[in-house]
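Colleague: Provided herewith: model26.cif, mmCIF, N, CA and C atoms and all ligand atoms.
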```cif
data_protein
#
loop_
_atom_site.label_atom_id
_atom_site.label_comp_id
_atom_site.auth_asym_id
_atom_site.auth_seq_id
_atom_site.Cartn_x
_atom_site.Cartn_y
_atom_site.Cartn_z
N MET A 1 51.75 92.97 13.44
CA MET A 1 51.89 93.47 14.81
C MET A 1 53.28 93.11 15.34
N HIS A 2 53.96 94.11 15.85
CA HIS A 2 55.32 93.87 16.35
C HIS A 2 55.38 94.27 17.82
N LYS A 3 55.92 93.37 18.63
CA LYS A 3 55.99 93.61 20.07
C LYS A 3 57.24 94.40 20.42
N CYS A 4 57.06 95.35 21.33
CA CYS A 4 58.19 96.18 21.79
C CYS A 4 58.17 96.19 23.32
N SER A 5 59.35 96.37 23.88
CA SER A 5 59.44 96.43 25.34
C SER A 5 60.73 97.13 25.74
N CYS A 6 60.76 97.53 27.00
CA CYS A 6 62.00 98.10 27.56
C CYS A 6 62.86 96.96 28.11
N LEU A 7 64.04 97.31 28.58
CA LEU A 7 64.97 96.29 29.07
C LEU A 7 64.40 95.50 30.25
N CYS A 8 63.72 96.18 31.17
CA CYS A 8 63.21 95.47 32.36
C CYS A 8 61.86 94.83 32.11
N GLY A 9 61.20 95.17 31.00
CA GLY A 9 59.93 94.53 30.65
C GLY A 9 58.69 95.17 31.25
N SER A 10 58.86 96.25 32.01
CA SER A 10 57.65 96.85 32.61
C SER A 10 56.85 97.65 31.58
N VAL A 11 57.54 98.24 30.60
CA VAL A 11 56.82 98.95 29.53
C VAL A 11 56.72 98.03 28.33
N ARG A 12 55.50 97.84 27.84
CA ARG A 12 55.29 97.03 26.65
C ARG A 12 54.34 97.77 25.72
N PHE A 13 54.64 97.71 24.44
CA PHE A 13 53.72 98.29 23.45
C PHE A 13 53.85 97.54 22.14
N ASP A 14 52.82 97.68 21.32
CA ASP A 14 52.81 97.06 19.99
C ASP A 14 52.83 98.16 18.94
N ILE A 15 53.50 97.89 17.84
CA ILE A 15 53.34 98.76 16.67
C ILE A 15 52.82 97.89 15.52
N ASN A 16 51.74 98.39 14.91
CA ASN A 16 51.08 97.61 13.87
C ASN A 16 51.42 98.21 12.51
N THR A 17 52.68 98.03 12.12
CA THR A 17 53.14 98.63 10.87
C THR A 17 54.30 97.78 10.35
N HIS A 18 54.64 97.97 9.06
CA HIS A 18 55.82 97.27 8.57
C HIS A 18 57.07 97.97 9.11
N LEU A 19 58.21 97.33 8.97
CA LEU A 19 59.44 97.84 9.59
C LEU A 19 60.47 98.24 8.54
N LYS A 20 59.97 98.62 7.35
CA LYS A 20 60.88 98.89 6.23
C LYS A 20 61.15 100.37 6.03
N ASN A 21 60.76 101.20 6.99
CA ASN A 21 60.97 102.64 6.84
C ASN A 21 61.87 103.20 7.92
N ALA A 22 62.81 102.39 8.38
CA ALA A 22 63.69 102.84 9.46
C ALA A 22 64.70 103.87 8.96
N ILE A 23 65.08 104.76 9.86
CA ILE A 23 66.03 105.83 9.55
C ILE A 23 67.14 105.81 10.61
N ASN A 24 68.37 105.92 10.14
CA ASN A 24 69.47 106.10 11.09
C ASN A 24 69.65 107.59 11.32
N CYS A 25 69.42 108.04 12.53
CA CYS A 25 69.58 109.47 12.85
C CYS A 25 70.94 109.68 13.51
N HIS A 26 71.69 110.60 12.92
CA HIS A 26 73.06 110.86 13.40
C HIS A 26 73.13 112.16 14.21
N CYS A 27 72.00 112.73 14.60
CA CYS A 27 72.04 114.04 15.28
C CYS A 27 72.65 113.92 16.67
N LYS A 28 73.13 115.06 17.14
CA LYS A 28 73.81 115.13 18.44
C LYS A 28 72.86 114.75 19.58
N PHE A 29 71.58 115.12 19.45
CA PHE A 29 70.63 114.86 20.54
C PHE A 29 70.44 113.35 20.72
N CYS A 30 70.27 112.65 19.58
CA CYS A 30 70.11 111.19 19.66
C CYS A 30 71.36 110.55 20.24
N ARG A 31 72.54 111.02 19.77
CA ARG A 31 73.79 110.40 20.23
C ARG A 31 74.00 110.61 21.71
N LYS A 32 73.79 111.84 22.18
CA LYS A 32 73.94 112.13 23.61
C LYS A 32 72.97 111.30 24.44
N SER A 33 71.72 111.32 24.00
CA SER A 33 70.68 110.67 24.77
C SER A 33 70.90 109.16 24.88
N HIS A 34 71.36 108.55 23.79
CA HIS A 34 71.50 107.10 23.77
C HIS A 34 72.90 106.62 24.12
N GLY A 35 73.87 107.53 24.09
CA GLY A 35 75.25 107.09 24.31
C GLY A 35 75.72 106.17 23.21
N SER A 36 75.27 106.47 21.97
CA SER A 36 75.66 105.62 20.84
C SER A 36 75.92 106.50 19.62
N PRO A 37 76.66 106.00 18.61
CA PRO A 37 77.06 106.85 17.49
C PRO A 37 75.91 107.27 16.57
N PHE A 38 74.84 106.52 16.54
CA PHE A 38 73.62 106.93 15.84
C PHE A 38 72.48 106.05 16.37
N VAL A 39 71.26 106.42 15.99
CA VAL A 39 70.10 105.71 16.51
C VAL A 39 69.19 105.33 15.36
N THR A 40 68.66 104.13 15.37
CA THR A 40 67.74 103.68 14.33
C THR A 40 66.31 103.84 14.83
N VAL A 41 65.52 104.63 14.07
CA VAL A 41 64.15 104.91 14.47
C VAL A 41 63.16 104.47 13.39
N LEU A 42 61.98 104.13 13.83
CA LEU A 42 60.87 103.78 12.93
C LEU A 42 59.79 104.83 13.10
N VAL A 43 59.29 105.34 12.00
CA VAL A 43 58.23 106.33 12.08
C VAL A 43 56.89 105.58 12.13
N VAL A 44 56.11 105.85 13.15
CA VAL A 44 54.86 105.12 13.37
C VAL A 44 53.74 106.13 13.61
N LEU A 45 52.65 105.99 12.89
CA LEU A 45 51.50 106.86 13.13
C LEU A 45 50.85 106.45 14.45
N PRO A 46 50.34 107.44 15.20
CA PRO A 46 49.82 107.13 16.54
C PRO A 46 48.75 106.04 16.54
N GLU A 47 47.95 105.98 15.48
CA GLU A 47 46.87 104.98 15.49
C GLU A 47 47.40 103.55 15.35
N TYR A 48 48.68 103.40 15.01
CA TYR A 48 49.27 102.07 14.90
C TYR A 48 50.16 101.73 16.09
N PHE A 49 50.02 102.53 17.13
CA PHE A 49 50.82 102.36 18.35
C PHE A 49 49.88 102.05 19.50
N THR A 50 50.11 100.95 20.21
CA THR A 50 49.26 100.57 21.34
C THR A 50 50.11 100.32 22.57
N LEU A 51 49.93 101.13 23.58
CA LEU A 51 50.64 100.92 24.83
C LEU A 51 49.93 99.83 25.62
N LEU A 52 50.64 98.78 25.99
CA LEU A 52 50.02 97.63 26.66
C LEU A 52 50.22 97.67 28.17
N SER A 53 51.38 98.11 28.61
CA SER A 53 51.63 98.17 30.05
C SER A 53 52.74 99.16 30.35
N GLY A 54 52.78 99.59 31.60
CA GLY A 54 53.88 100.43 32.08
C GLY A 54 53.68 101.92 31.89
N GLU A 55 52.43 102.35 31.65
CA GLU A 55 52.20 103.79 31.46
C GLU A 55 52.74 104.59 32.63
N GLU A 56 52.62 104.05 33.84
CA GLU A 56 53.08 104.76 35.05
C GLU A 56 54.61 104.86 35.11
N ASN A 57 55.29 104.08 34.28
CA ASN A 57 56.75 104.11 34.28
C ASN A 57 57.33 104.97 33.17
N LEU A 58 56.47 105.59 32.37
CA LEU A 58 56.97 106.40 31.26
C LEU A 58 57.41 107.77 31.77
N GLN A 59 58.62 108.14 31.43
CA GLN A 59 59.13 109.44 31.82
C GLN A 59 59.53 110.18 30.56
N ARG A 60 59.21 111.47 30.53
CA ARG A 60 59.43 112.26 29.32
C ARG A 60 60.56 113.24 29.57
N TYR A 61 61.46 113.34 28.61
CA TYR A 61 62.49 114.37 28.68
C TYR A 61 62.54 115.11 27.35
N PRO A 62 62.50 116.43 27.30
CA PRO A 62 62.17 117.28 28.44
C PRO A 62 60.68 117.22 28.76
N GLU A 63 60.33 117.69 29.97
CA GLU A 63 58.91 117.65 30.37
C GLU A 63 58.08 118.66 29.59
N ASP A 64 58.72 119.72 29.13
CA ASP A 64 58.05 120.76 28.33
C ASP A 64 57.39 120.14 27.10
N GLU A 65 56.06 120.13 27.10
CA GLU A 65 55.34 119.39 26.04
C GLU A 65 55.31 120.13 24.71
N THR A 66 55.84 121.36 24.67
CA THR A 66 55.93 122.03 23.37
C THR A 66 57.16 121.55 22.61
N LYS A 67 58.02 120.81 23.28
CA LYS A 67 59.23 120.28 22.63
C LYS A 67 59.08 118.78 22.41
N THR A 68 59.85 118.28 21.44
CA THR A 68 59.85 116.83 21.21
C THR A 68 60.34 116.14 22.47
N GLY A 69 59.59 115.14 22.90
CA GLY A 69 59.95 114.44 24.13
C GLY A 69 60.52 113.06 23.85
N ARG A 70 61.59 112.71 24.54
CA ARG A 70 62.13 111.35 24.49
C ARG A 70 61.54 110.60 25.67
N ILE A 71 60.92 109.48 25.36
CA ILE A 71 60.22 108.74 26.40
C ILE A 71 61.08 107.56 26.84
N VAL A 72 61.33 107.50 28.15
CA VAL A 72 62.16 106.43 28.69
C VAL A 72 61.39 105.68 29.77
N CYS A 73 61.84 104.47 30.06
CA CYS A 73 61.32 103.73 31.21
C CYS A 73 62.05 104.26 32.44
N ASN A 74 61.29 104.66 33.46
CA ASN A 74 61.94 105.26 34.63
C ASN A 74 62.50 104.22 35.59
N ILE A 75 62.39 102.95 35.25
CA ILE A 75 63.03 101.90 36.06
C ILE A 75 64.38 101.54 35.45
N CYS A 76 64.37 101.15 34.16
CA CYS A 76 65.61 100.64 33.54
C CYS A 76 66.31 101.66 32.66
N GLY A 77 65.65 102.79 32.37
CA GLY A 77 66.28 103.84 31.57
C GLY A 77 66.27 103.61 30.08
N SER A 78 65.63 102.56 29.60
CA SER A 78 65.58 102.31 28.15
C SER A 78 64.89 103.46 27.45
N LYS A 79 65.47 103.91 26.33
CA LYS A 79 64.81 104.88 25.46
C LYS A 79 63.84 104.10 24.60
N LEU A 80 62.60 104.56 24.51
CA LEU A 80 61.59 103.77 23.81
C LEU A 80 61.06 104.45 22.55
N PHE A 81 60.68 105.71 22.68
CA PHE A 81 60.15 106.42 21.51
C PHE A 81 60.17 107.92 21.79
N THR A 82 59.94 108.69 20.74
CA THR A 82 59.78 110.14 20.95
C THR A 82 58.35 110.50 20.56
N GLU A 83 57.88 111.59 21.14
CA GLU A 83 56.58 112.12 20.74
C GLU A 83 56.73 113.62 20.54
N THR A 84 56.04 114.10 19.53
CA THR A 84 56.02 115.54 19.30
C THR A 84 54.62 116.01 19.69
N ALA A 85 53.92 116.62 18.79
CA ALA A 85 52.57 117.08 19.12
C ALA A 85 51.65 115.87 19.21
N LYS A 86 50.54 116.06 19.91
CA LYS A 86 49.53 115.00 19.99
C LYS A 86 49.06 114.65 18.58
N GLY A 87 49.01 113.38 18.27
CA GLY A 87 48.53 112.94 16.97
C GLY A 87 49.61 112.90 15.89
N ALA A 88 50.78 113.45 16.17
CA ALA A 88 51.87 113.44 15.17
C ALA A 88 52.53 112.06 15.18
N PRO A 89 53.22 111.71 14.07
CA PRO A 89 53.90 110.41 14.07
C PRO A 89 54.90 110.30 15.20
N LEU A 90 55.05 109.11 15.69
CA LEU A 90 56.03 108.83 16.74
C LEU A 90 57.27 108.26 16.10
N SER A 91 58.40 108.47 16.74
CA SER A 91 59.62 107.78 16.33
C SER A 91 59.90 106.71 17.38
N VAL A 92 59.74 105.47 16.96
CA VAL A 92 59.98 104.36 17.88
C VAL A 92 61.39 103.85 17.64
N TYR A 93 62.16 103.69 18.69
CA TYR A 93 63.53 103.20 18.54
C TYR A 93 63.50 101.71 18.19
N ALA A 94 64.19 101.37 17.12
CA ALA A 94 64.15 99.99 16.63
C ALA A 94 64.61 99.00 17.70
N ALA A 95 65.50 99.45 18.58
CA ALA A 95 66.02 98.56 19.61
C ALA A 95 64.94 98.13 20.61
N ALA A 96 63.81 98.85 20.63
CA ALA A 96 62.71 98.47 21.52
C ALA A 96 61.99 97.22 21.01
N LEU A 97 62.16 96.89 19.73
CA LEU A 97 61.49 95.71 19.17
C LEU A 97 62.02 94.43 19.81
N GLU A 98 61.15 93.49 20.03
CA GLU A 98 61.63 92.20 20.52
C GLU A 98 62.27 91.41 19.39
N ASP A 99 61.81 91.63 18.17
CA ASP A 99 62.40 90.95 17.01
C ASP A 99 62.72 92.01 15.96
N GLU A 100 64.00 92.27 15.76
CA GLU A 100 64.43 93.32 14.82
C GLU A 100 64.73 92.77 13.43
N SER A 101 64.41 91.49 13.19
CA SER A 101 64.87 90.86 11.95
C SER A 101 64.24 91.44 10.69
N GLU A 102 63.08 92.09 10.81
CA GLU A 102 62.43 92.65 9.61
C GLU A 102 62.74 94.12 9.39
N VAL A 103 63.58 94.69 10.24
CA VAL A 103 63.88 96.12 10.11
C VAL A 103 64.73 96.37 8.88
N GLU A 104 64.32 97.34 8.07
CA GLU A 104 65.13 97.77 6.94
C GLU A 104 65.35 99.28 7.05
N VAL A 105 66.62 99.66 6.97
CA VAL A 105 66.96 101.08 7.03
C VAL A 105 66.87 101.65 5.62
N MET A 106 66.21 102.81 5.48
CA MET A 106 66.07 103.37 4.14
C MET A 106 66.82 104.68 3.95
N ALA A 107 67.33 105.28 5.01
CA ALA A 107 68.06 106.55 4.85
C ALA A 107 68.82 106.91 6.11
N HIS A 108 69.76 107.84 5.93
CA HIS A 108 70.48 108.44 7.06
C HIS A 108 70.06 109.90 7.15
N THR A 109 69.79 110.38 8.35
CA THR A 109 69.48 111.80 8.52
C THR A 109 70.49 112.47 9.44
N ASN A 110 70.53 113.80 9.31
CA ASN A 110 71.45 114.63 10.12
C ASN A 110 72.90 114.19 9.97
N VAL A 111 73.28 113.81 8.74
CA VAL A 111 74.65 113.33 8.53
C VAL A 111 75.68 114.47 8.65
N GLU A 112 75.24 115.72 8.49
CA GLU A 112 76.20 116.83 8.63
C GLU A 112 76.75 116.93 10.05
N SER A 113 75.99 116.44 11.01
CA SER A 113 76.48 116.51 12.40
C SER A 113 76.84 115.12 12.92
N LYS A 114 77.11 114.19 12.02
CA LYS A 114 77.39 112.83 12.48
C LYS A 114 78.71 112.76 13.24
N SER A 115 78.86 111.71 13.98
CA SER A 115 80.08 111.48 14.74
C SER A 115 81.24 111.29 13.77
N PRO A 116 82.38 111.96 14.00
CA PRO A 116 83.49 111.90 13.03
C PRO A 116 84.01 110.49 12.80
N PHE A 117 83.88 109.61 13.76
CA PHE A 117 84.43 108.26 13.58
C PHE A 117 83.47 107.31 12.88
N VAL A 118 82.25 107.77 12.61
CA VAL A 118 81.30 106.91 11.91
C VAL A 118 81.49 107.05 10.40
N VAL A 119 81.73 105.93 9.74
CA VAL A 119 81.87 105.90 8.29
C VAL A 119 80.62 105.23 7.72
N ILE A 120 79.88 105.97 6.91
CA ILE A 120 78.68 105.40 6.30
C ILE A 120 79.11 104.70 5.01
N SER A 121 78.95 103.40 4.97
CA SER A 121 79.50 102.65 3.84
C SER A 121 78.41 101.97 3.00
N ASP A 122 77.16 102.37 3.21
CA ASP A 122 76.10 101.82 2.35
C ASP A 122 75.72 102.88 1.31
N ASN A 123 74.80 102.53 0.43
CA ASN A 123 74.41 103.45 -0.64
C ASN A 123 73.04 104.09 -0.39
N LEU A 124 72.61 104.09 0.85
CA LEU A 124 71.30 104.66 1.16
C LEU A 124 71.35 106.19 1.05
N PRO A 125 70.20 106.83 0.79
CA PRO A 125 70.18 108.29 0.72
C PRO A 125 70.62 108.92 2.05
N GLN A 126 71.33 110.04 1.93
CA GLN A 126 71.78 110.75 3.12
C GLN A 126 71.20 112.16 3.11
N PHE A 127 70.71 112.60 4.25
CA PHE A 127 70.14 113.94 4.37
C PHE A 127 70.93 114.72 5.40
N GLY A 128 71.26 115.97 5.04
CA GLY A 128 72.05 116.80 5.94
C GLY A 128 71.33 117.12 7.23
N GLY A 129 70.06 117.47 7.11
CA GLY A 129 69.27 117.77 8.30
C GLY A 129 68.29 116.65 8.57
N SER A 130 67.21 117.02 9.24
CA SER A 130 66.16 116.03 9.45
C SER A 130 65.47 115.80 8.11
N ILE A 131 64.87 114.67 7.97
CA ILE A 131 64.18 114.33 6.74
C ILE A 131 62.88 115.16 6.68
N THR A 132 62.57 115.70 5.50
CA THR A 132 61.31 116.45 5.42
C THR A 132 60.17 115.46 5.15
N LYS A 133 58.98 115.93 5.40
CA LYS A 133 57.82 115.06 5.17
C LYS A 133 57.76 114.66 3.69
N GLU A 134 58.10 115.61 2.80
CA GLU A 134 58.04 115.34 1.36
C GLU A 134 59.04 114.23 0.98
N ASP A 135 60.28 114.36 1.46
CA ASP A 135 61.29 113.34 1.17
C ASP A 135 60.85 111.99 1.72
N TYR A 136 60.30 112.05 2.90
CA TYR A 136 59.89 110.81 3.56
C TYR A 136 58.80 110.11 2.74
N MET A 137 57.82 110.90 2.34
CA MET A 137 56.70 110.33 1.57
C MET A 137 57.22 109.72 0.25
N LYS A 138 58.19 110.39 -0.38
CA LYS A 138 58.74 109.89 -1.64
C LYS A 138 59.39 108.52 -1.45
N MET A 139 60.06 108.36 -0.32
CA MET A 139 60.77 107.10 -0.09
C MET A 139 59.84 105.98 0.34
N VAL A 140 58.83 106.35 1.11
CA VAL A 140 57.98 105.32 1.69
C VAL A 140 56.90 104.85 0.72
N PHE A 141 56.38 105.80 -0.10
CA PHE A 141 55.24 105.43 -0.94
C PHE A 141 55.59 105.49 -2.44
ZN ZN A 201 62.10 99.26 31.89
ZN ZN A 202 68.34 112.39 16.07
#
```
Before we go any further, please render this structure as structure tokens.
Modeller:
Amino acid sequence: MHKCSCLCGSVRFDINTHLKNAINCHCKFCRKSHGSPFVTVLVVLPEYFTLLSGEENLQRYPEDETKTGRIVCNICGSKLFTETAKGAPLSVYAAALEDESEVEVMAHTNVESKSPFVVISDNLPQFGGSITKEDYMKMVF
């Protein structure tokens, strides 16, 4: 069980999964949204995600539920996770973890649109677009 929270502490949730399947996403949407050169996400199945507090502070962008939503705390603005369809895996931002020491990155995605000043200097697999479910399953299992 790993504890997660936003910067102000009003939103708290647990993820009950290992942290060895993190992905660095270099897409423009993640970069714009976070104001950072890439974002590290953990793929978590909904049944391993437990919201403990702050449901009333969760804000979704965009509100259109047919699109992938980025969920932020409406007090401190922390990006916490994304949700797609109901029941689909969530992408939890690794920075939401209170203890990131067990996080292991296993791949880079959307490297074709990465920030020009970012130099990837590790030997992890790189994917031009988003990672497919098949590629993901191969790496994780
Ligand atoms: Zn907050
Ligand atoms: Zn992205």
Colleague: How far is it from atom C of A:Val41 to atom C of A:Ala94, in Å with one decimal?
Modeller: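 These two atoms are separated by 7.1 Å.
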Colleague: Step by step, measure atom-to-atom distances between ligand ZN 202 (chain A) and each residue using all atoms listed in the file, keep those at most 6 Å, then write them as a count of residues only.
Modeller: 7
Colleague: Could you list the protein, DNA and RNA residues that have any atom within 7 Å of ligand ZN 201 (chain A), counting all atoms listed in the file, and write them as a list in words?
Modeller: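 For ligand ZN 201 (chain A), the residues inside 7 Å are Ser5, Cys6, Leu7, Cys8, Gly9, Ser10, Val11, Val72, Cys73, Asn74, Ile75, Cys76, Gly77 and Ser78 of chain A.
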Colleague: Run DSSP on the backbone and tell me which residues of stretch 14-49 of chain A come out as strand (DSSP E or B); list them as a ChimeraX atom specification.
Modeller: /A:14-15,22-25,39-44,49
Colleague: Output the selection as a PDB file, in the frame of the given file - N, CA and C atoms for each residue.
Modeller:
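The result, stored in result37.pdb:
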```pdb
ATOM      1  N   ASP A  14      52.820  97.680  21.320  1.00  0.00           N
ATOM      2  CA  ASP A  14      52.810  97.060  19.990  1.00  0.00           C
ATOM      3  C   ASP A  14      52.830  98.160  18.940  1.00  0.00           C
ATOM      4  N   ILE A  15      53.500  97.890  17.840  1.00  0.00           N
ATOM      5  CA  ILE A  15      53.340  98.760  16.670  1.00  0.00           C
ATOM      6  C   ILE A  15      52.820  97.890  15.520  1.00  0.00           C
ATOM      7  N   ALA A  22      62.810 102.390   8.380  1.00  0.00           N
ATOM      8  CA  ALA A  22      63.690 102.840   9.460  1.00  0.00           C
ATOM      9  C   ALA A  22      64.700 103.870   8.960  1.00  0.00           C
ATOM     10  N   ILE A  23      65.080 104.760   9.860  1.00  0.00           N
ATOM     11  CA  ILE A  23      66.030 105.830   9.550  1.00  0.00           C
ATOM     12  C   ILE A  23      67.140 105.810  10.610  1.00  0.00           C
ATOM     13  N   ASN A  24      68.370 105.920  10.140  1.00  0.00           N
ATOM     14  CA  ASN A  24      69.470 106.100  11.090  1.00  0.00           C
ATOM     15  C   ASN A  24      69.650 107.590  11.320  1.00  0.00           C
ATOM     16  N   CYS A  25      69.420 108.040  12.530  1.00  0.00           N
ATOM     17  CA  CYS A  25      69.580 109.470  12.850  1.00  0.00           C
ATOM     18  C   CYS A  25      70.940 109.680  13.510  1.00  0.00           C
ATOM     19  N   VAL A  39      71.260 106.420  15.990  1.00  0.00           N
ATOM     20  CA  VAL A  39      70.100 105.710  16.510  1.00  0.00           C
ATOM     21  C   VAL A  39      69.190 105.330  15.360  1.00  0.00           C
ATOM     22  N   THR A  40      68.660 104.130  15.370  1.00  0.00           N
ATOM     23  CA  THR A  40      67.740 103.680  14.330  1.00  0.00           C
ATOM     24  C   THR A  40      66.310 103.840  14.830  1.00  0.00           C
ATOM     25  N   VAL A  41      65.520 104.630  14.070  1.00  0.00           N
ATOM     26  CA  VAL A  41      64.150 104.910  14.470  1.00  0.00           C
ATOM     27  C   VAL A  41      63.160 104.470  13.390  1.00  0.00           C
ATOM     28  N   LEU A  42      61.980 104.130  13.830  1.00  0.00           N
ATOM     29  CA  LEU A  42      60.870 103.780  12.930  1.00  0.00           C
ATOM     30  C   LEU A  42      59.790 104.830  13.100  1.00  0.00           C
ATOM     31  N   VAL A  43      59.290 105.340  12.000  1.00  0.00           N
ATOM     32  CA  VAL A  43      58.230 106.330  12.080  1.00  0.00           C
ATOM     33  C   VAL A  43      56.890 105.580  12.130  1.00  0.00           C
ATOM     34  N   VAL A  44      56.110 105.850  13.150  1.00  0.00           N
ATOM     35  CA  VAL A  44      54.860 105.120  13.370  1.00  0.00           C
ATOM     36  C   VAL A  44      53.740 106.130  13.610  1.00  0.00           C
ATOM     37  N   PHE A  49      50.020 102.530  17.130  1.00  0.00           N
ATOM     38  CA  PHE A  49      50.820 102.360  18.350  1.00  0.00           C
ATOM     39  C   PHE A  49      49.880 102.050  19.500  1.00  0.00           C
TER      40      PHE A  49
END
```
Colleague: Taking 4 positions as the minimum chain separation for residues in the same chain, which residues sit within 6 Å of stretch 98-115 of chain A when counting all atoms listed in the file? Answer as a PyMOL selection string.
Modeller: chain A and resi 3-5+19-28+37+124-131
Colleague: Please give the complete set of residues from chain A that DSSP, run on the backbone, assigns to helix (DSSP H, G or I), formatted as an MDAnalysis selection string.
Modeller: chainID A and resid 28:34 46:48 55:57 94:96 111:113 133:140
Colleague: From the options A:Leu80, A:Ser33, A:Thr17, A:Met1, which residue's atoms come nearest to A:Ala96, counting all atoms listed in the file?
Modeller: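 Checking each of A:Leu80, A:Ser33, A:Thr17, A:Met1 against A:Ala96, counting all atoms listed in the file, the winner is A:Leu80.
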Colleague: What lies within 7 Å of A:Ser53 using all atoms listed in the file, ignoring chain neighbours under 3 positions off, as a ChimeraX atom specification?
Modeller: /A:10-13,50,56-57
Colleague: Next, the residues of the selection above should be written as a compact mmCIF listing (two decimals), in the coordinates of the input with N, CA and C atoms.
Modeller:
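In the end it all went to result_4.txt:
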```txt
# COMPACT_ATOMS: atom_id res chain seq x y z
N SER A 10 58.86 96.25 32.01
CA SER A 10 57.65 96.85 32.61
C SER A 10 56.85 97.65 31.58
N VAL A 11 57.54 98.24 30.60
CA VAL A 11 56.82 98.95 29.53
C VAL A 11 56.72 98.03 28.33
N ARG A 12 55.50 97.84 27.84
CA ARG A 12 55.29 97.03 26.65
C ARG A 12 54.34 97.77 25.72
N PHE A 13 54.64 97.71 24.44
CA PHE A 13 53.72 98.29 23.45
C PHE A 13 53.85 97.54 22.14
N THR A 50 50.11 100.95 20.21
CA THR A 50 49.26 100.57 21.34
C THR A 50 50.11 100.32 22.57
N GLU A 56 52.62 104.05 33.84
CA GLU A 56 53.08 104.76 35.05
C GLU A 56 54.61 104.86 35.11
N ASN A 57 55.29 104.08 34.28
CA ASN A 57 56.75 104.11 34.28
C ASN A 57 57.33 104.97 33.17
```
Colleague: Could you list, as a short mmCIF file (atom, residue, chain, number, x, y, z; two decimals) with N, CA and C atoms, in the frame of the given file, every residue within 8 Å of A:Arg70, counting only C-alpha atoms and ignoring same-chain residues fewer than 5 positions away?
Modeller:
```cif
data_model
loop_
_atom_site.label_atom_id
_atom_site.label_comp_id
_atom_site.auth_asym_id
_atom_site.auth_seq_id
_atom_site.Cartn_x
_atom_site.Cartn_y
_atom_site.Cartn_z
N ARG A 60 59.21 111.47 30.53
CA ARG A 60 59.43 112.26 29.32
C ARG A 60 60.56 113.24 29.57
N TYR A 61 61.46 113.34 28.61
CA TYR A 61 62.49 114.37 28.68
C TYR A 61 62.54 115.11 27.35
N PRO A 62 62.50 116.43 27.30
CA PRO A 62 62.17 117.28 28.44
C PRO A 62 60.68 117.22 28.76
N LYS A 79 65.47 103.91 26.33
CA LYS A 79 64.81 104.88 25.46
C LYS A 79 63.84 104.10 24.60
N LEU A 80 62.60 104.56 24.51
CA LEU A 80 61.59 103.77 23.81
C LEU A 80 61.06 104.45 22.55
N PHE A 81 60.68 105.71 22.68
CA PHE A 81 60.15 106.42 21.51
C PHE A 81 60.17 107.92 21.79
N THR A 82 59.94 108.69 20.74
CA THR A 82 59.78 110.14 20.95
C THR A 82 58.35 110.50 20.56
N GLU A 83 57.88 111.59 21.14
CA GLU A 83 56.58 112.12 20.74
C GLU A 83 56.73 113.62 20.54
#
```
Colleague: Could you tell me how far atom CA of A:Tyr136 lies from atom CA of A:Leu45, in Å and to one decimal?
Modeller: 13.3 Å
Colleague: First collect every listed atom of stretch 99-115 of chain A; then fit an axis-aligned box around them, widen it by 6 Å on each side, and give centre and edge lengths in Å to one decimal, as lines of an AutoDock Vina configuration file.
Modeller:
```
center_x = 71.5
center_y = 103.9
center_z = 11.1
size_x = 31.4
size_y = 38.1
size_z = 26.2
```
Colleague: How many Å separate atom CA of A:Phe38 from atom CA of A:Pro116?
Modeller: 11.4 Å
